[in-house]
Amino acid sequence: QVQLVESGGGLVQPGGSLRLSCGASGVTLDYFAIGWFRQAPGKEREGVSCVSSSESSAVYPDSVKGRFTVSRDNAKNTFYLQINNLKPEDTAVYYCAADPRGYGCYVYLNDGNMDFWGKGTLVTVSS
């Protein structure tokens, strides 16, 4: 059974940083695309980062580019989202996801159609 488990969320002041982690079990992520999504209260889910198994660089929407960095450690079967210069509008539940089908990050970020999902971790940015 495939499980993805996020950790690292919490309450952070504006301008602060967080690193979210997503650990996987029941699957080896080496050949999976991995992504991070978020959903703020009252808003639709938004893709915020993705790295495919074949792409050499990550993909980010303009809304987070320069502040969000996704990385993966295949040896630990874990991937991460580093968020810097947090803003109140970053407040959301953050979800990690993974998919083996090789559609490409622009597709994944646009439609969120990834096979495996974590349950989410809440990030609250407030002073």
# chains A, B, ... in the order shown; residues from 1 in each chain; ligands from 1

$ residues_around --residues "segment 85-91 of chain A" --least-positions-apart "6" --cutoff "10 Å" --atoms "only C-alpha atoms" --output "MDAnalysis selection string"
chainID A and resid 10:18 38:41 63:64 66:68 122:127

$ write_last_selection --atoms "C-alpha atoms" --output "short mmCIF file (atom, residue, chain, number, x, y, z; two decimals), in the first residue's frame"
data_model
loop_
_atom_site.label_atom_id
_atom_site.label_comp_id
_atom_site.auth_asym_id
_atom_site.auth_seq_id
_atom_site.Cartn_x
_atom_site.Cartn_y
_atom_site.Cartn_z
CA GLY A 10 3.10 24.88 11.59
CA LEU A 11 2.68 28.51 12.55
CA VAL A 12 5.27 30.86 11.13
CA GLN A 13 5.63 34.62 11.14
CA PRO A 14 5.67 36.52 7.86
CA GLY A 15 9.15 36.49 6.38
CA GLY A 16 10.00 33.19 8.01
CA SER A 17 10.89 29.86 6.43
CA LEU A 18 9.70 26.28 6.61
CA ARG A 38 -1.80 23.65 -1.53
CA GLN A 39 -5.35 24.59 -0.75
CA ALA A 40 -6.21 27.73 1.13
CA PRO A 41 -9.56 28.15 2.87
CA SER A 63 3.03 32.89 -7.71
CA VAL A 64 5.78 31.09 -5.78
CA GLY A 66 11.88 32.39 -6.24
CA ARG A 67 10.54 31.49 -2.79
CA PHE A 68 9.72 27.78 -3.11
CA LEU A 122 -1.21 22.93 7.65
CA VAL A 123 0.97 25.98 7.20
CA THR A 124 -0.23 29.13 8.89
CA VAL A 125 1.57 32.41 8.31
CA SER A 126 0.61 35.02 10.84
CA SER A 127 2.15 37.50 13.22
#

$ select_by_dssp --residues "segment 1-30 of chain A" --states "strand (DSSP E or B)" --output "list of chain:residue names"
A:Gln3, A:Leu4, A:Val5, A:Glu6, A:Ser7, A:Gly10, A:Leu11, A:Val12, A:Leu18, A:Arg19, A:Leu20, A:Ser21, A:Cys22, A:Gly23, A:Ala24, A:Ser25

$ write_last_selection --atoms "C-alpha atoms" --output "PDB file, in the first residue's frame"
ATOM      1  CA  GLN A   3       1.495   6.024   1.624  1.00  0.00           C
ATOM      2  CA  LEU A   4       2.772   9.569   1.499  1.00  0.00           C
ATOM      3  CA  VAL A   5       3.079  11.412   4.792  1.00  0.00           C
ATOM      4  CA  GLU A   6       3.770  15.114   5.065  1.00  0.00           C
ATOM      5  CA  SER A   7       5.420  16.802   8.017  1.00  0.00           C
ATOM      6  CA  GLY A  10       3.101  24.882  11.586  1.00  0.00           C
ATOM      7  CA  LEU A  11       2.675  28.507  12.551  1.00  0.00           C
ATOM      8  CA  VAL A  12       5.275  30.862  11.125  1.00  0.00           C
ATOM      9  CA  LEU A  18       9.698  26.284   6.611  1.00  0.00           C
ATOM     10  CA  ARG A  19      10.776  23.003   5.137  1.00  0.00           C
ATOM     11  CA  LEU A  20       8.038  20.501   4.478  1.00  0.00           C
ATOM     12  CA  SER A  21       8.896  16.837   4.101  1.00  0.00           C
ATOM     13  CA  CYS A  22       7.049  14.022   2.378  1.00  0.00           C
ATOM     14  CA  GLY A  23       8.048  10.478   3.192  1.00  0.00           C
ATOM     15  CA  ALA A  24       6.907   7.606   1.017  1.00  0.00           C
ATOM     16  CA  SER A  25       6.303   3.966   1.858  1.00  0.00           C
TER      17      SER A  25
END

$ select_by_dssp --residues "chain A" --states "alpha helix (DSSP H)" --output "JSON, numbers by chain"
{"A": [105, 106, 107, 108, 109, 110, 111]}

$ residues_around --residues "segment 30-37 of chain A" --least-positions-apart "4" --cutoff "7 Å" --atoms "only C-alpha atoms" --output "PyMOL selection string"
chain A and resi 45-53+74+94-100+102

$ decode --residues "segment 90-113 of chain A" --atoms "N, CA, C and O atoms" --output "tab-separated table (two decimals), in the first residue's frame"
chain	number	residue	atom	x	y	z
A	90	ASP	N	0.33	32.54	1.88
A	90	ASP	CA	0.82	31.17	1.76
A	90	ASP	C	0.10	30.24	2.74
A	90	ASP	O	0.31	29.02	2.70
A	91	THR	N	-0.72	30.79	3.61
A	91	THR	CA	-1.48	29.97	4.55
A	91	THR	C	-2.38	29.00	3.80
A	91	THR	O	-3.19	29.41	2.97
A	92	ALA	N	-2.20	27.71	4.07
A	92	ALA	CA	-2.93	26.68	3.34
A	92	ALA	C	-2.58	25.32	3.92
A	92	ALA	O	-1.62	25.18	4.69
A	93	VAL	N	-3.35	24.33	3.53
A	93	VAL	CA	-2.94	22.95	3.74
A	93	VAL	C	-2.09	22.54	2.54
A	93	VAL	O	-2.51	22.72	1.39
A	94	TYR	N	-0.91	22.04	2.82
A	94	TYR	CA	0.02	21.63	1.77
A	94	TYR	C	0.01	20.11	1.64
A	94	TYR	O	0.13	19.39	2.63
A	95	TYR	N	-0.12	19.66	0.41
A	95	TYR	CA	-0.18	18.24	0.11
A	95	TYR	C	0.99	17.83	-0.78
A	95	TYR	O	1.32	18.55	-1.73
A	96	CYS	N	1.56	16.68	-0.50
A	96	CYS	CA	2.52	16.12	-1.43
A	96	CYS	C	1.82	15.06	-2.28
A	96	CYS	O	0.81	14.48	-1.86
A	97	ALA	N	2.36	14.84	-3.45
A	97	ALA	CA	1.76	13.88	-4.37
A	97	ALA	C	2.84	13.26	-5.23
A	97	ALA	O	3.91	13.86	-5.43
A	98	ALA	N	2.53	12.08	-5.77
A	98	ALA	CA	3.49	11.40	-6.64
A	98	ALA	C	2.74	10.64	-7.72
A	98	ALA	O	1.59	10.21	-7.52
A	99	ASP	N	3.39	10.49	-8.87
A	99	ASP	CA	2.73	9.82	-9.98
A	99	ASP	C	3.76	9.16	-10.89
A	99	ASP	O	4.78	9.76	-11.22
A	100	PRO	N	3.47	7.93	-11.35
A	100	PRO	CA	4.45	7.21	-12.16
A	100	PRO	C	4.26	7.32	-13.67
A	100	PRO	O	5.04	6.76	-14.43
A	101	ARG	N	3.24	8.04	-14.12
A	101	ARG	CA	2.84	7.92	-15.52
A	101	ARG	C	3.63	8.79	-16.50
A	101	ARG	O	3.46	8.65	-17.70
A	102	GLY	N	4.43	9.69	-16.00
A	102	GLY	CA	5.32	10.44	-16.89
A	102	GLY	C	4.65	11.48	-17.75
A	102	GLY	O	5.09	11.73	-18.88
A	103	TYR	N	3.61	12.14	-17.24
A	103	TYR	CA	2.92	13.15	-18.05
A	103	TYR	C	3.69	14.45	-18.18
A	103	TYR	O	3.44	15.24	-19.08
A	104	GLY	N	4.56	14.74	-17.24
A	104	GLY	CA	5.26	16.03	-17.28
A	104	GLY	C	4.67	17.00	-16.27
A	104	GLY	O	3.45	17.01	-16.02
A	105	CYS	N	5.53	17.83	-15.74
A	105	CYS	CA	5.12	18.69	-14.63
A	105	CYS	C	4.08	19.72	-15.01
A	105	CYS	O	3.23	20.08	-14.19
A	106	TYR	N	4.14	20.25	-16.22
A	106	TYR	CA	3.14	21.26	-16.59
A	106	TYR	C	1.74	20.65	-16.57
A	106	TYR	O	0.76	21.30	-16.19
A	107	VAL	N	1.63	19.41	-16.94
A	107	VAL	CA	0.33	18.73	-16.89
A	107	VAL	C	-0.07	18.48	-15.44
A	107	VAL	O	-1.20	18.77	-15.04
A	108	TYR	N	0.85	17.99	-14.66
A	108	TYR	CA	0.53	17.69	-13.26
A	108	TYR	C	0.12	18.94	-12.50
A	108	TYR	O	-0.85	18.94	-11.74
A	109	LEU	N	0.86	20.02	-12.68
A	109	LEU	CA	0.54	21.23	-11.93
A	109	LEU	C	-0.78	21.83	-12.41
A	109	LEU	O	-1.51	22.43	-11.63
A	110	ASN	N	-1.09	21.65	-13.66
A	110	ASN	CA	-2.30	22.26	-14.21
A	110	ASN	C	-3.55	21.50	-13.78
A	110	ASN	O	-4.56	22.11	-13.41
A	111	ASP	N	-3.50	20.18	-13.79
A	111	ASP	CA	-4.74	19.45	-13.48
A	111	ASP	C	-4.68	18.64	-12.19
A	111	ASP	O	-5.68	18.07	-11.77
A	112	GLY	N	-3.50	18.60	-11.55
A	112	GLY	CA	-3.40	17.92	-10.26
A	112	GLY	C	-3.70	16.44	-10.32
A	112	GLY	O	-3.99	15.83	-9.28
A	113	ASN	N	-3.61	15.83	-11.48
A	113	ASN	CA	-3.99	14.43	-11.63
A	113	ASN	C	-2.80	13.53	-11.32
A	113	ASN	O	-2.16	12.98	-12.22
